[in-house]
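Student: What follows is input-v1.cif; its format and atoms are mmCIF, C-alpha atoms.
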```cif
data_protein
loop_
_atom_site.label_atom_id
_atom_site.label_comp_id
_atom_site.auth_asym_id
_atom_site.auth_seq_id
_atom_site.Cartn_x
_atom_site.Cartn_y
_atom_site.Cartn_z
CA MET F 1 42.86 -45.66 -5.74
CA ASP F 2 41.98 -42.60 -7.76
CA ASN F 3 40.76 -39.36 -6.25
CA PHE F 4 37.08 -39.98 -6.99
CA ASP F 5 37.24 -43.36 -5.23
CA LYS F 6 38.50 -41.53 -2.15
CA ILE F 7 35.58 -39.10 -2.41
CA LEU F 8 33.12 -41.98 -2.69
CA GLU F 9 34.76 -43.79 0.21
CA LYS F 10 34.40 -40.67 2.36
CA ILE F 11 30.77 -40.26 1.31
CA GLU F 12 30.07 -43.88 2.22
CA THR F 13 32.03 -44.13 5.45
CA GLN F 14 30.72 -40.84 6.79
CA ASN F 15 27.27 -41.52 5.36
CA ILE F 16 27.12 -38.11 3.72
CA GLU F 17 23.82 -37.45 1.96
CA PRO F 18 22.86 -34.44 -0.16
CA THR F 19 21.09 -31.88 2.04
CA PRO F 20 17.36 -32.07 1.23
CA ARG F 21 15.89 -29.50 -1.13
CA TRP F 22 13.33 -28.33 1.45
CA TYR F 23 16.16 -27.17 3.73
CA PHE F 24 17.46 -24.76 1.07
CA GLN F 25 13.94 -23.65 0.18
CA PHE F 26 13.21 -22.99 3.86
CA LYS F 27 16.47 -21.03 4.22
CA ASN F 28 15.60 -18.87 1.18
CA LEU F 29 12.09 -18.31 2.48
CA ALA F 30 13.49 -17.32 5.89
CA PHE F 31 15.78 -14.70 4.35
CA TRP F 32 12.94 -13.35 2.22
CA SER F 33 10.67 -13.16 5.26
CA VAL F 34 13.28 -11.35 7.34
CA PHE F 35 13.86 -8.94 4.44
CA LEU F 36 10.16 -8.16 3.94
CA VAL F 37 9.41 -7.85 7.67
CA SER F 38 12.44 -5.56 8.10
CA ILE F 39 11.29 -3.35 5.23
CA PHE F 40 7.78 -3.26 6.71
CA ILE F 41 8.96 -2.31 10.21
CA GLY F 42 11.46 0.16 8.73
CA SER F 43 8.67 1.81 6.76
CA ILE F 44 6.51 2.12 9.89
CA ALA F 45 9.46 3.68 11.72
CA PHE F 46 10.01 6.11 8.85
CA SER F 47 6.32 7.09 8.71
CA ILE F 48 6.32 7.81 12.45
CA ILE F 49 9.52 9.86 12.06
CA LEU F 50 7.69 11.92 9.42
CA TYR F 51 4.71 12.28 11.75
CA SER F 52 7.04 13.26 14.57
CA VAL F 53 8.76 15.90 12.42
CA GLN F 54 5.37 17.23 11.41
CA GLN F 55 4.25 17.47 15.02
CA THR F 56 7.48 18.77 16.48
CA ASP F 57 7.86 22.53 16.58
CA PHE F 58 11.43 22.98 15.53
CA VAL F 59 10.65 26.71 15.67
CA LEU F 60 10.76 26.25 19.45
CA ILE F 61 14.52 25.86 19.26
CA SER F 62 15.12 29.57 18.77
CA HIS F 63 12.93 30.37 21.78
CA LEU F 64 14.34 27.81 24.20
CA LYS F 65 16.88 28.77 26.82
CA HIS F 66 19.18 25.81 26.12
CA SER F 67 21.66 25.85 23.23
CA LYS F 68 20.12 25.34 19.79
CA MET F 69 21.98 22.09 19.23
CA GLU F 70 20.94 20.71 22.62
CA SER F 71 17.30 21.63 21.99
CA PHE F 72 17.41 20.12 18.50
CA LEU F 73 18.86 16.87 19.87
CA VAL F 74 16.14 16.71 22.54
CA LEU F 75 13.42 17.02 19.91
CA LEU F 76 14.64 14.13 17.69
CA PRO F 77 12.56 10.91 17.72
CA TYR F 78 15.47 8.65 18.75
CA PHE F 79 13.49 5.48 19.29
CA TRP F 80 12.14 5.49 15.73
CA LEU F 81 15.44 6.59 14.21
CA ILE F 82 17.21 3.67 15.90
CA LEU F 83 14.41 1.30 14.83
CA LEU F 84 14.73 2.53 11.21
CA LEU F 85 18.49 2.06 11.29
CA VAL F 86 18.35 -1.42 12.87
CA PHE F 87 15.71 -2.73 10.44
CA SER F 88 17.38 -1.15 7.39
CA LEU F 89 20.56 -2.99 8.37
CA LEU F 90 18.62 -6.21 8.95
CA ALA F 91 16.99 -5.85 5.51
CA PHE F 92 20.45 -5.22 4.05
CA PHE F 93 21.98 -8.33 5.64
CA SER F 94 19.07 -10.58 4.71
CA PHE F 95 19.20 -9.29 1.11
CA LYS F 96 22.93 -10.05 1.04
CA ASN F 97 22.05 -13.71 1.64
CA PHE F 98 19.86 -13.94 -1.45
CA LYS F 99 21.35 -16.12 -4.15
CA LYS F 100 21.76 -13.32 -6.67
CA ALA F 101 22.62 -10.56 -4.19
CA TYR F 102 26.29 -10.56 -5.19
CA LYS F 103 25.28 -9.10 -8.55
CA TYR F 104 24.51 -5.82 -6.81
CA SER F 105 26.95 -3.50 -5.08
CA LEU F 106 26.69 -2.95 -1.32
CA VAL F 107 25.63 0.66 -1.93
CA SER F 108 22.77 -0.43 -4.23
CA ILE F 109 21.55 -3.02 -1.70
CA LEU F 110 21.64 -0.53 1.18
CA SER F 111 19.99 2.16 -0.97
CA LEU F 112 17.25 -0.27 -2.03
CA SER F 113 16.51 -1.26 1.60
CA VAL F 114 16.31 2.37 2.71
CA PHE F 115 14.42 3.46 -0.43
CA LEU F 116 11.73 0.79 0.04
CA SER F 117 11.31 1.78 3.70
CA ILE F 118 11.03 5.46 2.72
CA ILE F 119 8.46 4.87 -0.06
CA LEU F 120 6.28 2.60 2.07
CA GLY F 121 6.81 4.96 5.03
CA CYS F 122 5.59 7.96 3.01
CA LEU F 123 2.50 6.01 1.92
CA THR F 124 1.76 5.01 5.53
CA PHE F 125 2.23 8.61 6.64
CA ILE F 126 -0.02 10.05 3.91
CA SER F 127 -2.73 7.52 4.66
CA GLY F 128 -2.73 8.54 8.35
CA GLY F 129 -1.37 5.17 9.42
CA ALA F 130 1.60 6.71 11.24
CA GLN F 131 -0.53 8.64 13.74
CA PHE F 132 -2.75 5.59 14.33
CA LEU F 133 0.20 3.26 14.85
CA GLU F 134 2.04 5.71 17.06
CA ARG F 135 -0.99 6.07 19.34
CA LYS F 136 -1.48 2.30 19.46
CA PHE F 137 2.17 1.90 20.36
CA ALA F 138 1.88 4.52 23.13
CA ASP F 139 -1.25 2.78 24.49
CA LYS F 140 0.37 -0.65 24.60
CA ILE F 141 3.81 0.27 25.90
CA GLU F 142 3.76 2.16 29.19
CA ILE F 143 7.32 3.43 29.22
CA TYR F 144 6.95 4.86 25.71
CA ASN F 145 6.33 8.61 25.69
CA SER F 146 4.09 9.34 22.73
CA ILE F 147 4.84 12.22 20.36
CA GLU F 148 1.62 13.89 21.54
CA GLU F 149 2.68 13.56 25.20
CA LYS F 150 6.11 15.02 24.42
CA LYS F 151 4.46 17.85 22.54
CA ILE F 152 2.16 18.61 25.48
CA GLN F 153 5.17 18.58 27.84
CA HIS F 154 6.93 21.14 25.61
CA TRP F 155 3.93 23.43 25.37
CA MET F 156 2.78 23.27 28.97
CA GLN F 157 5.49 25.53 30.35
CA PRO F 158 3.77 28.89 30.90
CA ASP F 159 6.64 30.13 33.05
CA SER F 160 8.96 29.61 30.08
CA GLY F 161 6.51 31.31 27.71
CA PHE F 162 4.76 28.27 26.19
CA LEU F 163 1.08 27.50 26.61
CA ALA F 164 -1.44 25.33 24.77
CA GLY F 165 -5.06 24.30 25.07
CA THR F 166 -8.60 24.78 23.75
CA ILE F 167 -10.29 28.15 23.18
CA LEU F 168 -13.39 28.49 25.36
CA GLU F 169 -14.37 32.09 24.59
CA VAL F 170 -13.20 34.85 22.23
CA LYS F 171 -13.47 38.59 22.94
CA ILE F 172 -11.97 41.54 20.97
CA ASP F 173 -8.38 41.39 22.18
CA THR F 174 -8.58 38.54 24.64
CA LEU F 175 -9.65 34.95 24.73
CA VAL F 176 -10.24 32.35 27.42
CA LEU F 177 -8.17 29.21 27.05
CA GLU F 178 -8.38 25.94 28.93
CA ASP F 179 -4.96 24.30 28.96
CA PHE F 180 -4.34 20.51 28.91
CA ASN F 181 -4.39 20.49 32.73
CA GLN F 182 -7.91 22.01 32.64
CA ILE F 183 -6.67 25.36 34.01
CA LYS F 184 -8.30 28.47 32.55
CA TRP F 185 -6.21 31.36 31.24
CA GLN F 186 -7.02 34.88 30.06
CA ILE F 187 -4.96 35.42 26.90
CA TYR F 188 -4.25 38.92 25.63
CA PHE F 189 -3.56 38.69 21.90
CA LYS F 190 -3.58 42.17 20.33
CA ASP F 191 -1.04 42.63 17.45
CA VAL F 192 -0.25 38.94 17.55
CA PHE F 193 0.90 36.78 14.67
CA ILE F 194 -1.84 34.31 13.67
CA PRO F 195 -1.29 31.97 10.70
CA PRO F 196 -4.11 31.88 8.15
CA VAL F 197 -4.72 28.20 8.81
CA ILE F 198 -6.37 28.85 12.17
CA GLU F 199 -9.59 30.50 13.14
CA ILE F 200 -9.70 32.04 16.57
CA THR F 201 -13.03 30.49 17.50
CA GLU F 202 -14.41 28.42 20.36
CA GLY F 203 -13.25 24.80 20.37
CA GLU F 204 -10.07 25.49 18.35
CA GLN F 205 -6.92 23.94 19.81
CA ILE F 206 -3.96 26.31 19.76
CA LYS F 207 -0.47 26.78 21.09
CA ILE F 208 0.85 30.14 22.20
CA MET F 209 4.25 31.68 22.65
CA GLY F 210 4.35 34.68 24.92
CA GLU F 211 4.71 35.65 28.55
CA LYS F 212 2.91 34.78 31.75
CA THR F 213 2.13 38.07 33.52
CA LYS F 214 0.49 36.57 36.61
CA GLU F 215 -1.33 33.38 37.58
CA GLY F 216 -4.05 32.76 34.96
CA TYR F 217 -2.93 35.62 32.69
CA PHE F 218 -0.79 35.28 29.58
CA VAL F 219 0.23 37.81 26.92
CA ALA F 220 0.50 36.11 23.51
CA ARG F 221 3.26 36.98 21.07
CA GLU F 222 2.52 34.28 18.53
CA ILE F 223 -0.38 31.84 18.11
CA ARG F 224 -0.16 28.61 16.15
CA PRO F 225 -2.58 25.77 15.42
CA TRP F 226 -2.12 22.74 17.69
CA LYS F 227 -2.34 20.09 15.00
CA ALA F 228 -0.70 21.35 11.81
CA PHE F 229 2.57 22.99 10.81
CA GLY F 230 3.12 26.53 12.01
CA LYS F 231 3.62 28.94 9.17
CA SER F 232 6.24 31.63 8.86
CA ASN F 233 5.56 35.23 9.81
CA GLN F 234 5.26 36.62 6.31
CA HIS F 235 2.33 34.31 5.53
CA GLY F 236 0.46 35.19 8.70
CA ARG F 237 -1.81 38.03 9.57
CA LYS F 238 -2.00 40.38 12.51
CA ASN F 239 -4.93 40.68 14.88
CA LYS F 240 -5.60 44.43 15.07
CA MET C 1 15.80 -43.40 -3.50
CA LYS C 2 19.07 -45.00 -2.44
CA GLN C 3 22.04 -44.26 -4.61
CA SER C 4 24.74 -46.66 -5.68
CA HIS C 5 27.98 -45.58 -4.05
CA HIS C 6 30.19 -47.04 -6.74
CA PRO C 7 31.42 -45.02 -9.68
CA ILE C 8 30.42 -45.88 -13.21
CA VAL C 9 28.42 -48.88 -12.17
CA ASN C 10 25.26 -48.10 -14.02
CA LEU C 11 26.99 -46.03 -16.63
CA LYS C 12 29.84 -46.66 -19.02
CA LYS C 13 32.58 -44.09 -18.90
CA ASN C 14 31.95 -42.87 -22.44
CA ASP C 15 28.24 -42.44 -21.74
CA CYS C 16 29.03 -39.33 -19.69
CA ILE C 17 29.26 -37.22 -22.83
CA LEU C 18 25.62 -37.97 -23.59
CA PHE C 19 24.47 -35.81 -20.69
CA THR C 20 24.60 -32.10 -19.99
CA ASP C 21 25.88 -30.85 -16.63
CA ARG C 22 22.36 -30.14 -15.44
CA GLU C 23 21.15 -33.60 -16.33
CA LEU C 24 24.13 -35.11 -14.54
CA VAL C 25 23.39 -33.04 -11.42
CA GLU C 26 19.79 -34.25 -11.36
CA LYS C 27 20.79 -37.85 -11.92
CA SER C 28 23.71 -37.71 -9.45
CA ILE C 29 21.28 -37.43 -6.54
CA GLN C 30 19.96 -40.88 -7.42
CA ASP C 31 23.15 -42.48 -8.70
CA THR C 32 26.75 -41.55 -7.93
CA SER C 33 27.84 -42.92 -11.32
CA PHE C 34 26.58 -39.65 -12.73
CA PHE C 35 28.44 -37.78 -10.03
CA ALA C 36 31.61 -39.54 -11.21
CA CYS C 37 30.90 -38.16 -14.70
CA LEU C 38 30.81 -34.64 -13.29
CA TYR C 39 34.07 -35.27 -11.45
CA GLN C 40 35.80 -36.58 -14.56
CA ARG C 41 34.52 -33.69 -16.63
CA TYR C 42 35.97 -31.06 -14.30
CA GLU C 43 38.89 -32.74 -12.54
CA ASN C 44 41.74 -31.44 -14.70
CA LYS C 45 40.33 -27.94 -15.16
CA LEU C 46 39.75 -27.54 -11.44
CA LEU C 47 43.15 -28.93 -10.45
CA ARG C 48 44.78 -26.49 -12.84
CA TYR C 49 42.73 -23.66 -11.34
CA ILE C 50 43.73 -24.63 -7.78
CA HIS C 51 47.39 -24.58 -8.81
CA HIS C 52 47.02 -21.24 -10.53
CA ILE C 53 45.53 -19.43 -7.55
CA SER C 54 47.57 -21.09 -4.79
CA ASN C 55 51.03 -22.47 -4.16
CA VAL C 56 49.80 -25.82 -2.94
CA SER C 57 51.44 -29.11 -3.84
CA GLN C 58 49.71 -31.62 -6.11
CA GLU C 59 48.75 -33.73 -3.08
CA GLU C 60 47.17 -30.74 -1.38
CA ALA C 61 45.39 -29.74 -4.57
CA LEU C 62 43.84 -33.21 -4.72
CA ASP C 63 42.74 -32.87 -1.09
CA ILE C 64 41.15 -29.50 -1.88
CA LEU C 65 39.37 -31.04 -4.85
CA GLN C 66 38.12 -33.89 -2.67
CA GLU C 67 36.75 -31.52 -0.03
CA SER C 68 35.17 -29.40 -2.75
CA PHE C 69 33.42 -32.36 -4.34
CA ILE C 70 32.09 -33.50 -0.97
CA LYS C 71 30.64 -29.99 -0.56
CA ILE C 72 29.22 -30.18 -4.08
CA TRP C 73 27.66 -33.56 -3.20
CA LYS C 74 26.11 -32.17 0.00
CA ASN C 75 24.73 -29.13 -1.81
CA LEU C 76 23.51 -30.76 -5.02
CA ASN C 77 19.93 -29.81 -4.15
CA ASP C 78 20.96 -26.17 -3.81
CA PHE C 79 22.36 -25.95 -7.34
CA ASP C 80 20.78 -22.92 -8.94
CA THR C 81 19.78 -23.80 -12.48
CA ASP C 82 20.04 -20.12 -13.46
CA LEU C 83 23.76 -20.55 -12.98
CA SER C 84 26.02 -22.72 -15.11
CA PHE C 85 27.29 -25.82 -13.28
CA SER C 86 30.80 -24.83 -14.28
CA SER C 87 30.53 -21.48 -12.48
CA TRP C 88 29.04 -23.18 -9.44
CA VAL C 89 31.85 -25.75 -9.10
CA TYR C 90 34.53 -23.15 -9.75
CA ARG C 91 32.96 -21.04 -6.99
CA ILE C 92 33.04 -23.91 -4.50
CA VAL C 93 36.60 -24.88 -5.44
CA HIS C 94 37.71 -21.24 -5.28
CA HIS C 95 36.35 -20.81 -1.75
CA GLN C 96 37.77 -24.13 -0.60
CA THR C 97 41.21 -23.27 -2.02
CA ILE C 98 41.28 -19.78 -0.49
CA SER C 99 39.98 -21.08 2.84
CA ASP C 100 42.62 -23.87 3.01
CA TRP C 101 45.30 -21.46 1.86
CA ARG C 102 44.42 -18.92 4.57
CA LYS C 103 44.30 -21.64 7.22
CA SER C 104 47.74 -22.91 6.29
CA VAL C 105 49.10 -19.36 6.47
CA SER C 106 47.35 -18.37 9.70
CA TYR C 107 48.31 -21.58 11.54
CA GLY C 108 51.92 -21.03 10.49
CA LYS C 109 52.05 -24.51 9.00
CA ASN C 110 53.48 -23.04 5.85
CA LYS C 111 53.27 -26.35 4.06
CA THR C 112 53.36 -24.46 0.81
CA VAL C 113 56.49 -23.99 -1.19
CA ASP C 114 57.93 -21.05 -3.05
CA PHE C 115 55.90 -20.65 -6.22
CA GLU C 116 58.93 -20.87 -8.52
CA THR C 117 60.13 -24.05 -6.82
CA HIS C 118 56.61 -25.35 -7.00
CA LEU C 119 56.48 -24.79 -10.74
CA MET C 120 59.88 -26.40 -11.27
CA HIS C 121 59.50 -29.42 -9.06
CA THR C 122 55.86 -30.21 -8.88
CA SER C 123 55.16 -33.91 -9.32
CA ASN C 124 52.16 -33.19 -11.51
CA GLU C 125 53.79 -33.89 -14.86
CA GLU C 126 50.62 -33.39 -16.76
CA TYR C 127 50.30 -29.95 -15.24
CA THR C 128 53.92 -28.84 -15.68
CA SER C 129 53.99 -30.00 -19.25
CA LEU C 130 51.16 -27.59 -19.93
CA VAL C 131 53.01 -24.73 -18.36
CA ASP C 132 55.41 -23.32 -20.93
CA GLU C 133 58.14 -20.78 -20.20
CA LYS C 134 56.03 -17.76 -20.98
CA GLU C 135 53.17 -19.08 -18.86
CA LYS C 136 55.60 -19.68 -15.99
CA LYS C 137 56.73 -16.06 -16.12
CA VAL C 138 53.13 -14.86 -16.12
CA LEU C 139 52.17 -17.13 -13.24
CA LEU C 140 55.19 -16.01 -11.24
CA LEU C 141 54.03 -12.42 -11.53
CA ILE C 142 50.34 -13.19 -10.99
CA ASN C 143 51.24 -15.04 -7.84
CA GLN C 144 52.68 -11.85 -6.35
CA LEU C 145 49.41 -9.97 -6.82
CA PRO C 146 46.68 -9.59 -4.17
CA GLU C 147 44.14 -12.43 -3.94
CA ASN C 148 41.30 -10.70 -5.84
CA TYR C 149 43.51 -9.54 -8.68
CA LYS C 150 45.10 -12.96 -8.98
CA ALA C 151 41.70 -14.67 -9.20
CA VAL C 152 40.27 -12.40 -11.91
CA LEU C 153 43.39 -12.63 -14.06
CA VAL C 154 43.53 -16.42 -13.80
CA LEU C 155 39.81 -16.79 -14.53
CA LYS C 156 39.93 -14.39 -17.45
CA TYR C 157 43.16 -15.42 -19.17
CA PHE C 158 43.83 -19.01 -18.08
CA GLU C 159 40.29 -20.32 -17.64
CA GLU C 160 38.91 -18.08 -20.39
CA LYS C 161 35.81 -17.10 -18.43
CA ASN C 162 33.71 -14.09 -19.39
CA TYR C 163 32.74 -11.27 -17.00
CA GLU C 164 29.42 -12.86 -16.08
CA GLU C 165 31.05 -16.18 -15.26
CA ILE C 166 33.78 -14.49 -13.19
CA SER C 167 31.07 -12.53 -11.38
CA ASP C 168 29.22 -15.79 -10.61
CA ILE C 169 32.37 -17.59 -9.49
CA LEU C 170 33.76 -14.86 -7.23
CA LYS C 171 30.29 -13.61 -6.18
CA ILE C 172 31.04 -10.00 -7.00
CA PRO C 173 29.17 -7.60 -9.33
CA GLU C 174 30.29 -7.55 -12.97
CA GLY C 175 31.32 -3.91 -12.54
CA THR C 176 33.68 -4.94 -9.77
CA VAL C 177 35.10 -7.69 -12.02
CA ALA C 178 35.90 -5.03 -14.62
CA THR C 179 37.49 -2.77 -12.00
CA TYR C 180 39.59 -5.59 -10.50
CA LEU C 181 40.66 -6.72 -13.95
CA ASN C 182 41.72 -3.24 -14.93
CA ARG C 183 43.68 -2.72 -11.71
CA ALA C 184 45.14 -6.23 -11.86
CA LYS C 185 46.49 -5.61 -15.38
CA LYS C 186 48.09 -2.35 -14.26
CA SER C 187 49.65 -4.00 -11.20
CA PHE C 188 50.85 -6.87 -13.37
CA GLU C 189 52.52 -4.49 -15.85
CA ALA C 190 54.13 -2.50 -13.03
CA LEU C 191 55.48 -5.70 -11.46
CA ALA C 192 56.82 -6.95 -14.79
CA GLN C 193 58.56 -3.63 -15.36
CA LYS C 194 59.98 -3.55 -11.84
CA GLN C 195 61.33 -7.09 -12.11
CA GLN C 196 62.45 -6.51 -15.71
CA ILE C 197 60.47 -9.44 -17.01
CA THR C 198 59.64 -9.34 -20.71
CA PHE C 199 57.36 -11.58 -22.68
CA PHE C 200 58.69 -10.92 -26.18
CA ASP C 201 62.08 -11.97 -27.53
#
```
Represent the structure contained in this file as structure tokens.
Tutor:
Amino acid sequence: MDNFDKILEKIETQNIEPTPRWYFQFKNLAFWSVFLVSIFIGSIAFSIILYSVQQTDFVLISHLKHSKMESFLVLLPYFWLILLLVFSLLAFFSFKNFKKAYKYSLVSILSLSVFLSIILGCLTFISGGAQFLERKFADKIEIYNSIEEKKIQHWMQPDSGFLAGTILEVKIDTLVLEDFNQIKWQIYFKDVFIPPVIEITEGEQIKIMGEKTKEGYFVAREIRPWKAFGKSNQHGRKNK
Amino acid sequence: MKQSHHPIVNLKKNDCILFTDRELVEKSIQDTSFFACLYQRYENKLLRYIHHISNVSQEEALDILQESFIKIWKNLNDFDTDLSFSSWVYRIVHHQTISDWRKSVSYGKNKTVDFETHLMHTSNEEYTSLVDEKEKKVLLLINQLPENYKAVLVLKYFEEKNYEEISDILKIPEGTVATYLNRAKKSFEALAQKQQITFFD
């Protein structure tokens, strides 16, 4: 009995049939789907990380009482960083299962997964999708602390020198501010740094670094817009 | 469509040469006679390859080939036509050989024999007759190299595969094939020097 007869005998006795084509097609489709979904979720995570970085005042670090490293670590958007990492790895592993994946080095595959997430993430961020998705996420998931909520928590510490809210009235050297807890404050802001991007007018939302002198009174040292990046001192102007 | 499970029933043995590998793959799904053609076409090459990358006996090599062809049969519908059939079968046989080899080592069965003894006493006359003295020396050295180096050297110099084919068989990028080949040659030369083996009289 030659070797091929033995093979045929085994095929017959064990009733071995070729695996149907649809099974392989389905498997390929599944890997492609996992890859594309992973890239998509990774890009959303990256766009929200960008949004988070934009909204987070890393300048706060130098003013906080904790160590700089500790404060920096507190401000990082861990949930989205972990999500980006997990889905980049998932994209990487699903890509590795593609028929031709072996033609590419591991570094190229990993770079491609991360690169696609970054490009799509930037596009989502620029189009305003990140803010929208982040808010939707915060609305739907109770335990999730939105970036906006975290930001409010950071800036609603008047005893530590941080205050934020909406301008109700502007006088020569003072203004009336209603904070996010609807408490009114008299803000003294003579010789204070104000970036050119904000107008000290009624209805403007601002954040202030300074000192609480007594209940309802706050001396500003620096004023920044609530919604955009703060600018450095040399680009600002002084209120005299 | 039900296939005939008898070899060369619908096909005369010499008719195999009329078909390309791809045609035989397509027809094999309907009729195992065509599958027998594929087996005949690759049997000797693949047996030689199994011997070159492992120390298995002829009997074990035939078992590996059997298992490989059952896998090929099961996966006929997954054959990627962008790939040559030759590369695809070499890939399956390579993995089967390495997997069986590792199992035999990890289970401590150690059914394998010393490579030199294997070359001297193997019952496969057809195979040993092909292995001349110089080739024996080369194989002895190659067999002492790490798995990846051994595979690229055998595929390049014994099976005469190009970089793309080696890349397809071992499922590694062509750049890695070049790197392995370069390192394998250096290791081979160092071993030959260390063991004072020369290839020229």
Student: Within 10 Å of (13.2, 5.3, 22.6) (file coordinates; only C-alpha atoms), which protein or nucleic acid residues are there? I'd like them as an MDAnalysis selection string.
Tutor: chainID F and resid 77:83 143:146
Student: Go ahead and write the selection's residues with C-alpha atoms as a PDB file, in the coordinates of the input.
Tutor:
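Result written to part08.pdb:
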```
ATOM      1  CA  PRO F  77      12.560  10.910  17.720  1.00  0.00           C
ATOM      2  CA  TYR F  78      15.470   8.650  18.750  1.00  0.00           C
ATOM      3  CA  PHE F  79      13.490   5.480  19.290  1.00  0.00           C
ATOM      4  CA  TRP F  80      12.140   5.490  15.730  1.00  0.00           C
ATOM      5  CA  LEU F  81      15.440   6.590  14.210  1.00  0.00           C
ATOM      6  CA  ILE F  82      17.210   3.670  15.900  1.00  0.00           C
ATOM      7  CA  LEU F  83      14.410   1.300  14.830  1.00  0.00           C
ATOM      8  CA  ILE F 143       7.320   3.430  29.220  1.00  0.00           C
ATOM      9  CA  TYR F 144       6.950   4.860  25.710  1.00  0.00           C
ATOM     10  CA  ASN F 145       6.330   8.610  25.690  1.00  0.00           C
ATOM     11  CA  SER F 146       4.090   9.340  22.730  1.00  0.00           C
TER      12      SER F 146
END
```
Student: Quick one: which residues end up in the PyMOL selection byres ((chain C and resi 64) around 12) for this structure, as a ChimeraX atom specification?
Tutor: /F:3,7 /C:43,46-51,54,56-63,65-71,92-101
Student: Please evaluate the PyMOL selection byres ((chain F) within 6 of (chain C)) against the structure above and give the resulting residues as a list in words.
Tutor: Ile7, Pro18, Thr19, Arg21, Tyr102, Lys103 and Tyr104 of chain F
Student: Any idea what's packed within 10 Å of segment 206-216 of chain F, counting only C-alpha atoms, ignoring anything in its chain fewer than 3 positions away? Could you give it as an MDAnalysis selection string?
Tutor: chainID F and resid 60 63 152 155:167 176:177 179 183:189 192 194 198:200 203 219:228 230
Student: Which distance in Å separates atom CA of Leu116 of chain F and atom CA of Phe137 of chain F, to one decimal?
Tutor: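 It comes out at 22.5 Å.
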Student: Atom CA of Lys156 of chain C and atom CA of Asn143 of chain C are how many Å apart?
Tutor: 14.9 Å
